[in-house]
$ cat final_0.txt   # compact mmCIF, C-alpha atoms and all ligand atoms
# COMPACT_ATOMS: atom_id res chain seq x y z
CA MET N 1 -153.61 10.65 187.45
CA ALA N 2 -156.91 8.84 188.23
CA GLU N 3 -158.96 7.70 185.27
CA LEU N 4 -162.15 9.57 184.48
CA PRO N 5 -165.41 7.76 185.31
CA GLY N 6 -166.44 5.45 182.48
CA VAL N 7 -169.82 5.64 180.79
CA THR N 8 -171.63 3.22 178.51
CA ILE N 9 -174.24 4.46 176.04
CA THR N 10 -177.11 2.19 175.04
CA GLY N 11 -179.02 2.62 171.79
CA ALA N 12 -175.77 3.92 170.31
CA SER N 13 -177.10 4.35 166.78
CA GLY N 14 -180.19 6.30 167.85
CA ARG N 15 -180.76 10.05 167.61
CA MET N 16 -179.97 10.47 171.29
CA GLY N 17 -177.38 7.67 171.36
CA GLN N 18 -175.21 9.44 168.79
CA MET N 19 -175.66 12.82 170.48
CA LEU N 20 -174.66 11.29 173.83
CA ILE N 21 -171.55 9.70 172.34
CA ARG N 22 -170.49 13.04 170.88
CA GLN N 23 -171.06 14.78 174.21
CA VAL N 24 -169.11 12.14 176.17
CA GLN N 25 -166.24 12.36 173.67
CA ALA N 26 -166.22 16.15 174.15
CA SER N 27 -166.35 15.88 177.95
CA ASP N 28 -163.29 16.31 180.14
CA ARG N 29 -165.13 14.66 183.06
CA LEU N 30 -166.30 11.34 181.59
CA ARG N 31 -164.83 8.79 179.19
CA LEU N 32 -166.67 6.45 176.86
CA VAL N 33 -166.16 2.78 177.76
CA GLY N 34 -169.07 1.10 175.96
CA ALA N 35 -171.63 1.46 173.17
CA VAL N 36 -174.53 -0.98 173.04
CA GLU N 37 -176.94 -1.89 170.29
CA ARG N 38 -179.44 -4.68 169.96
CA PRO N 39 -178.33 -8.09 168.61
CA ASP N 40 -178.21 -8.21 164.79
CA HIS N 41 -177.92 -4.43 164.52
CA ALA N 42 -175.67 -3.45 161.59
CA TRP N 43 -173.39 -1.42 163.90
CA VAL N 44 -172.50 -4.33 166.21
CA GLY N 45 -168.77 -5.08 165.87
CA GLN N 46 -167.97 -1.73 164.22
CA ASP N 47 -166.01 1.06 165.87
CA VAL N 48 -168.72 3.47 167.04
CA GLY N 49 -166.85 6.56 165.80
CA ALA N 50 -166.59 5.08 162.32
CA ALA N 51 -170.20 3.87 162.40
CA MET N 52 -171.23 7.47 163.16
CA GLY N 53 -169.37 8.61 160.06
CA GLY N 54 -166.12 9.80 161.65
CA GLY N 55 -162.83 8.20 162.58
CA ASP N 56 -162.21 5.26 164.91
CA ILE N 57 -162.40 6.09 168.62
CA GLY N 58 -161.43 2.68 169.97
CA ILE N 59 -164.87 1.57 171.19
CA ARG N 60 -166.62 -1.24 169.34
CA VAL N 61 -170.41 -1.41 169.40
CA THR N 62 -171.47 -4.52 171.28
CA ASP N 63 -174.72 -6.41 171.78
CA ASP N 64 -173.43 -7.70 175.14
CA ALA N 65 -175.18 -5.14 177.34
CA LYS N 66 -174.30 -6.96 180.54
CA ALA N 67 -170.55 -6.79 179.88
CA ALA N 68 -170.63 -3.19 178.64
CA ILE N 69 -172.61 -2.00 181.65
CA SER N 70 -170.44 -3.98 184.11
CA ALA N 71 -167.38 -2.17 182.75
CA ALA N 72 -168.89 1.26 183.41
CA ASP N 73 -169.48 3.59 186.36
CA ALA N 74 -172.66 4.81 184.67
CA VAL N 75 -174.92 3.81 181.81
CA ILE N 76 -176.89 6.44 179.92
CA ASP N 77 -179.95 4.93 178.35
CA PHE N 78 -182.31 6.55 175.85
CA THR N 79 -183.84 3.52 174.17
CA ALA N 80 -187.21 1.77 174.60
CA PRO N 81 -189.13 0.57 177.69
CA ALA N 82 -188.41 -3.18 177.42
CA ALA N 83 -184.71 -2.56 176.75
CA THR N 84 -184.49 -0.11 179.65
CA LEU N 85 -185.84 -2.75 182.05
CA ASP N 86 -183.15 -5.20 180.89
CA PHE N 87 -180.44 -2.57 181.28
CA ALA N 88 -181.75 -1.70 184.76
CA ALA N 89 -181.15 -5.28 185.89
CA HIS N 90 -177.56 -5.16 184.57
CA ALA N 91 -176.91 -1.73 186.12
CA ALA N 92 -178.22 -2.85 189.51
CA ALA N 93 -176.10 -6.02 189.45
CA ALA N 94 -172.99 -4.02 188.52
CA GLY N 95 -173.70 -1.06 190.82
CA ALA N 96 -173.55 1.29 187.83
CA VAL N 97 -175.55 4.53 187.89
CA HIS N 98 -178.48 4.18 185.48
CA VAL N 99 -179.55 7.41 183.79
CA ILE N 100 -182.87 6.75 182.06
CA GLY N 101 -184.18 9.11 179.41
CA THR N 102 -186.47 6.54 177.81
CA THR N 103 -190.11 7.66 177.67
CA GLY N 104 -193.33 5.78 177.02
CA MET N 105 -192.92 3.48 180.03
CA THR N 106 -196.20 2.33 181.60
CA ASP N 107 -196.82 2.70 185.33
CA ALA N 108 -196.28 -1.06 185.66
CA GLU N 109 -192.92 -0.81 183.89
CA ILE N 110 -191.86 2.10 186.07
CA ALA N 111 -192.81 0.09 189.16
CA GLN N 112 -190.49 -2.69 188.00
CA LEU N 113 -187.54 -0.31 188.42
CA ALA N 114 -188.11 0.00 192.19
CA PRO N 115 -186.09 -3.07 193.29
CA PHE N 116 -183.18 -1.97 191.09
CA ALA N 117 -183.18 1.46 192.74
CA GLU N 118 -182.51 -0.29 196.05
CA LYS N 119 -179.21 -1.50 194.63
CA THR N 120 -177.99 1.43 192.58
CA VAL N 121 -178.69 5.05 191.65
CA ILE N 122 -181.40 5.51 189.03
CA VAL N 123 -181.97 8.99 187.64
CA ARG N 124 -185.04 8.99 185.41
CA ALA N 125 -186.71 11.93 183.73
CA GLY N 126 -188.88 12.38 180.65
CA ASN N 127 -186.78 15.43 179.87
CA MET N 128 -183.21 16.06 181.01
CA SER N 129 -182.95 19.71 179.96
CA LEU N 130 -182.52 22.46 182.53
CA GLY N 131 -185.21 24.53 180.82
CA VAL N 132 -187.96 21.92 180.99
CA ASN N 133 -187.20 21.02 184.58
CA LEU N 134 -187.44 24.68 185.51
CA LEU N 135 -190.69 24.87 183.53
CA THR N 136 -192.19 22.07 185.65
CA GLN N 137 -191.61 24.23 188.72
CA LEU N 138 -193.12 27.30 187.06
CA THR N 139 -196.11 25.22 185.94
CA ARG N 140 -196.67 23.98 189.45
CA ARG N 141 -196.58 27.51 190.84
CA VAL N 142 -198.94 28.97 188.24
CA ALA N 143 -201.36 26.05 188.68
CA ALA N 144 -201.31 26.60 192.44
CA ALA N 145 -202.04 30.30 192.01
CA LEU N 146 -205.03 29.86 189.67
CA ASP N 147 -208.31 28.08 190.22
CA ALA N 148 -210.17 25.82 187.81
CA ASP N 149 -211.62 28.83 185.98
CA PHE N 150 -208.33 28.44 184.11
CA ASP N 151 -208.43 25.34 181.90
CA ILE N 152 -205.02 23.69 181.68
CA GLU N 153 -203.99 22.33 178.28
CA ILE N 154 -200.60 20.84 177.45
CA ILE N 155 -199.62 20.93 173.80
CA GLU N 156 -196.48 19.14 172.63
CA ALA N 157 -194.86 18.86 169.20
CA HIS N 158 -192.21 16.36 168.10
CA HIS N 159 -190.60 14.85 164.99
CA ASN N 160 -192.43 12.27 162.91
CA ARG N 161 -190.37 9.31 164.20
CA LYS N 162 -191.50 9.62 167.81
CA VAL N 163 -193.37 6.50 168.91
CA ASP N 164 -194.99 7.54 172.22
CA ALA N 165 -197.65 10.11 173.10
CA PRO N 166 -198.13 12.18 175.11
CA SER N 167 -194.42 12.88 175.39
CA GLY N 168 -192.64 12.16 178.65
CA THR N 169 -192.20 15.90 179.06
CA ALA N 170 -195.92 16.56 178.60
CA LEU N 171 -196.63 14.04 181.34
CA MET N 172 -194.06 15.69 183.64
CA LEU N 173 -195.77 19.04 183.03
CA GLY N 174 -199.18 17.47 183.61
CA GLU N 175 -197.98 16.00 186.91
CA ALA N 176 -196.61 19.40 187.92
CA ALA N 177 -199.87 21.15 187.07
CA ALA N 178 -201.87 18.52 188.96
CA ALA N 179 -199.57 18.81 191.97
CA GLY N 180 -200.01 22.59 191.94
CA ARG N 181 -203.77 22.11 191.96
CA GLY N 182 -203.57 19.43 194.63
CA VAL N 183 -205.24 16.79 192.44
CA SER N 184 -204.22 13.44 190.98
CA LEU N 185 -203.33 13.62 187.28
CA ALA N 186 -204.84 10.16 186.73
CA GLU N 187 -208.23 11.53 187.76
CA VAL N 188 -208.22 14.70 185.62
CA SER N 189 -206.19 13.70 182.57
CA ASP N 190 -208.01 14.15 179.22
CA ARG N 191 -205.92 12.61 176.47
CA GLY N 192 -208.05 11.60 173.54
CA ARG N 193 -210.62 13.98 172.08
CA ASP N 194 -212.36 12.71 168.98
CA GLY N 195 -215.98 12.86 167.89
CA MET N 196 -218.83 13.96 170.18
CA THR N 197 -216.72 14.47 173.28
CA GLY N 198 -219.14 16.68 175.18
CA ALA N 199 -218.08 19.93 176.75
CA ARG N 200 -214.75 20.18 178.54
CA ARG N 201 -214.95 18.94 182.14
CA ARG N 202 -214.00 21.64 184.64
CA GLY N 203 -210.65 20.89 186.24
CA ASP N 204 -209.42 18.50 183.54
CA ILE N 205 -205.86 18.71 182.26
CA GLY N 206 -205.89 18.18 178.50
CA PHE N 207 -203.12 16.84 176.26
CA THR N 208 -202.55 17.39 172.55
CA ALA N 209 -199.71 15.77 170.58
CA ILE N 210 -198.46 17.14 167.24
CA ARG N 211 -196.07 15.00 165.14
CA GLY N 212 -194.22 16.38 162.13
CA GLY N 213 -190.91 16.70 160.30
CA ASP N 214 -187.80 17.15 162.39
CA ILE N 215 -189.25 19.05 165.38
CA VAL N 216 -186.87 18.35 168.29
CA GLY N 217 -189.35 19.00 171.11
CA GLU N 218 -191.74 21.84 171.93
CA HIS N 219 -194.07 22.13 174.91
CA ASP N 220 -196.74 24.68 175.81
CA VAL N 221 -198.67 24.74 179.06
CA MET N 222 -201.76 26.85 178.47
CA PHE N 223 -203.91 28.25 181.24
CA ALA N 224 -207.05 29.45 179.43
CA ALA N 225 -209.83 31.42 181.14
CA ASP N 226 -212.62 33.64 179.89
CA GLY N 227 -210.92 36.72 178.45
CA GLU N 228 -207.28 35.80 179.05
CA ARG N 229 -204.64 33.08 178.61
CA ILE N 230 -201.23 32.41 180.06
CA ILE N 231 -198.89 30.22 178.00
CA LEU N 232 -195.64 28.82 179.40
CA ARG N 233 -193.43 27.50 176.58
CA HIS N 234 -190.23 25.53 176.16
CA VAL N 235 -188.63 24.97 172.77
CA ALA N 236 -185.72 22.59 172.33
CA SER N 237 -183.92 23.24 169.05
CA ASP N 238 -180.95 20.92 169.66
CA ARG N 239 -180.79 17.47 171.31
CA SER N 240 -177.55 18.45 173.05
CA VAL N 241 -179.66 20.01 175.84
CA PHE N 242 -180.97 16.55 176.76
CA ALA N 243 -177.55 14.92 176.44
CA ARG N 244 -175.82 17.53 178.59
CA GLY N 245 -178.42 16.97 181.30
CA ALA N 246 -177.88 13.22 181.10
CA LEU N 247 -174.10 13.57 181.51
CA LYS N 248 -174.68 15.85 184.48
CA ALA N 249 -176.99 13.22 185.99
CA ALA N 250 -174.38 10.48 185.53
CA LEU N 251 -171.69 12.51 187.25
CA TRP N 252 -174.08 13.51 190.04
CA GLY N 253 -175.08 9.89 190.64
CA ILE N 254 -171.61 8.37 190.88
CA GLY N 255 -170.82 7.68 194.54
CA ARG N 256 -174.34 8.59 195.70
CA ALA N 257 -176.55 6.29 197.84
CA PRO N 258 -178.84 3.98 195.83
CA GLY N 259 -182.30 5.34 195.15
CA ALA N 260 -184.74 6.63 192.55
CA TYR N 261 -183.97 10.23 191.63
CA ASP N 262 -185.03 12.70 188.97
CA MET N 263 -183.53 15.77 187.31
CA LEU N 264 -184.95 18.09 189.96
CA ASP N 265 -182.65 16.28 192.42
CA VAL N 266 -179.70 16.58 190.05
CA LEU N 267 -180.31 20.25 189.33
CA GLY N 268 -181.13 21.14 192.93
CA LEU N 269 -184.57 22.43 191.92
CA GLY N 270 -186.51 20.07 194.18
CA ASP N 271 -187.57 22.62 196.78
CA ALA N 272 -188.59 25.35 194.37
CA GLY N 273 -192.21 24.13 193.99
N1 LIG P 1 -185.51 12.26 178.68
C1 LIG P 1 -185.10 13.05 177.68
O1 LIG P 1 -184.53 14.16 177.90
C2 LIG P 1 -185.28 12.59 176.28
C3 LIG P 1 -185.85 11.38 176.05
N2 LIG P 1 -185.91 10.88 174.79
C4 LIG P 1 -186.43 9.51 174.69
O2 LIG P 1 -185.33 8.64 174.42
C5 LIG P 1 -185.78 7.54 173.66
C6 LIG P 1 -184.95 7.39 172.39
O3 LIG P 1 -185.18 8.50 171.56
P1 LIG P 1 -184.44 8.62 170.16
O4 LIG P 1 -182.96 8.57 170.34
O5 LIG P 1 -185.04 9.76 169.47
O6 LIG P 1 -184.93 7.26 169.46
P2 LIG P 1 -184.19 6.36 168.38
O7 LIG P 1 -185.22 5.43 167.85
O8 LIG P 1 -183.43 7.23 167.43
O9 LIG P 1 -183.12 5.56 169.24
C7 LIG P 1 -183.43 4.51 170.11
C8 LIG P 1 -182.29 3.55 170.02
O10 LIG P 1 -182.46 2.53 170.99
C9 LIG P 1 -182.17 1.30 170.36
N3 LIG P 1 -182.72 0.14 171.05
C10 LIG P 1 -184.00 -0.20 171.18
N4 LIG P 1 -184.06 -1.37 171.83
C11 LIG P 1 -182.79 -1.76 172.11
C12 LIG P 1 -182.20 -2.88 172.76
N5 LIG P 1 -182.96 -3.87 173.23
N6 LIG P 1 -180.86 -2.93 172.88
C13 LIG P 1 -180.10 -1.95 172.40
N7 LIG P 1 -180.58 -0.88 171.75
C14 LIG P 1 -181.93 -0.78 171.61
C15 LIG P 1 -182.75 1.48 168.98
O11 LIG P 1 -182.27 0.49 168.09
P3 LIG P 1 -183.19 0.07 166.82
O12 LIG P 1 -183.12 1.24 165.90
O13 LIG P 1 -182.52 -1.15 166.30
O14 LIG P 1 -184.57 -0.17 167.35
C16 LIG P 1 -182.23 2.86 168.67
O15 LIG P 1 -180.89 2.84 168.23
C17 LIG P 1 -187.27 7.77 173.42
O16 LIG P 1 -188.01 7.11 174.43
C18 LIG P 1 -187.40 9.29 173.58
O17 LIG P 1 -188.68 9.72 173.90
C19 LIG P 1 -185.45 11.56 173.72
C20 LIG P 1 -184.88 12.79 173.88
C21 LIG P 1 -184.77 13.42 175.17
O1 LIG P 2 -188.61 11.56 171.54
C1 LIG P 2 -188.07 12.69 171.61
O2 LIG P 2 -187.46 13.18 170.66
C2 LIG P 2 -188.15 13.42 172.87
N1 LIG P 2 -188.65 12.79 173.90
C3 LIG P 2 -188.79 13.30 175.21
C4 LIG P 2 -190.25 13.31 175.60
O3 LIG P 2 -190.95 12.32 175.33
O4 LIG P 2 -190.70 14.29 176.18
C5 LIG P 2 -188.06 14.58 175.45
C6 LIG P 2 -187.96 15.50 174.27
O5 LIG P 2 -189.12 16.25 174.17
C7 LIG P 2 -187.60 14.78 172.98
$ encode --input "final_0.txt" --output "C-alpha cells"
Amino acid sequence: MAELPGVTITGASGRMGQMLIRQVQASDRLRLVGAVERPDHAWVGQDVGAAMGGGDIGIRVTDDAKAAISAADAVIDFTAPAATLDFAAHAAAAGAVHVIGTTGMTDAEIAQLAPFAEKTVIVRAGNMSLGVNLLTQLTRRVAAALDADFDIEIIEAHHNRKVDAPSGTALMLGEAAAAGRGVSLAEVSDRGRDGMTGARRRGDIGFTAIRGGDIVGEHDVMFAADGERIILRHVASDRSVFARGALKAALWGIGRAPGAYDMLDVLGLGDAG
C-alpha cells in the first residue's frame, strides 16, 4: 500500500502547532514526518508527542527546517512572518506545498512570497475555517447590496497573547467589504481612533481589536445606518477549525500546479462573490 503524504509542522510548540500535530496524528489521509522549532527551543531533540505531554510518536522536534521540509510533501506553517519567509524558500526548493496560516505579514513580506509561488503551491489565508471563508463571501454580497449610508465596522476579539492587529481575518473581511463596494481597502481603512478624530468619514471601513483572556477568535462585520444595523458574526470556540482547514489545504495542494492560492480556492467558494 502507498504511503500517505507526509506533512511537516513548523512552530510545533505553539498553540496552532500543537493543534495541527494532534489533527495530523488523527488523520487517515496524512502522516506526520517533521516538527520544527526555532534553534535553542527547549523542545528541540525531544519526541514531539512527549513534549506535548503524551507518549512518544517517533518524531523528534528539529531546528533543521530545511531538512524537515525537504522530507515532506507539505509543510503547514502557523508561526511568524520572518520565519514563514524562511520556510517558503525551503518549501519552494523542495517542491513541498506550503500552507501558510501566519498573520501579521506586511504587504512587502507578502510580495516576497511571489517568486516561491512560481516553484510550488502556496495556500495562504488569515483564517482557514470554512465559516470565516463563507463569511467573506457574505460580507462581499452585503457590502455590494448596500450603499455608504451603511457604515462598515469590523470588530475582532482574540486572546491576550496575540501579537498582531487587526487580525488576519479582520483584514480578509475588510478586503471582502471593500471589494463588494468596489473600492480599495487601503484608501478607506480606518484603523486607529484615539483622541479628537473628527467625525467618521463616509465610506470608511473601520477596525476595532479587542484582546483578552483565552478568546479563540471572534469577528463581527457591522453595517450601521440610521435606524438599523446588520451584523454578520463568526465565533471560533476551538482552534481545530483552523487546523482542519489547513490539513484540507495541504491535501488539496499536493500534485497541483505551482501558484498562490487561498482557502476560497481550496473550498471551491471562489465564484460565490
Ligand atoms: N490562518 C489561520 O486560520 C490562523 C492563523 N493563526 C496565526 O498563526 C500564527 C501562530 O499563532 P499561535 O499558534 O497562536 O502562536 P504561538 O505563539 O502559540 O505559536 C507560534 C509558534 O511559532 C514558533 N516560531 C516562531 N518563529 C519560529 C522560527 N523561526 N522557527 C520555528 N518556529 C518559530 C514560535 O516559537 P517561540 O515560542 O519560540 O517564538 C511558536 O512555537 C499567528 O500569526 C496567528 O495569527 C492562528 C490561528 C488560525
Ligand atoms: O492569532 C490567533 O489566535 C488567530 N489568528 C488568526 C487571525 O489573525 O485572524 C485567525 C484566528 O482568528 C485566530
$ residues_near_ligand --input "final_0.txt" --ligand "ligand LIG 2 (chain P)" --cutoff "9 Å" --atoms "only C-alpha atoms and all ligand atoms" --output "number ranges by chain"
N: 15-16, 101-104, 125-129, 132, 156-159, 161-172, 215-219, 235-236, 239, 242
$ closest_residue --input "final_0.txt" --among "N:Leu32, N:Leu146, N:Ala117, N:Ala65" --to "ligand LIG 1 (chain P)" --atoms "only C-alpha atoms and all ligand atoms"
N:Ala65
$ closest_residue --input "final_0.txt" --among "N:Leu85, N:Ile205, N:Val61, N:Ala177" --to "N:Asp190" --atoms "all atoms listed in the file"
N:Ile205
$ closest_residue --input "final_0.txt" --among "N:Ala2, N:Ala42, N:Val48, N:Val266" --to "ligand LIG 1 (chain P)" --atoms "all atoms listed in the file"
N:Ala42
$ axis_aligned_box --input "final_0.txt" --around "stretch 101-113 of chain N" --padding-each-side "5 Å" --output "lines of an AutoDock Vina configuration file"
center_x = -190.5
center_y = 3.2
center_z = 183.1
size_x = 22.6
size_y = 21.8
size_z = 22.1
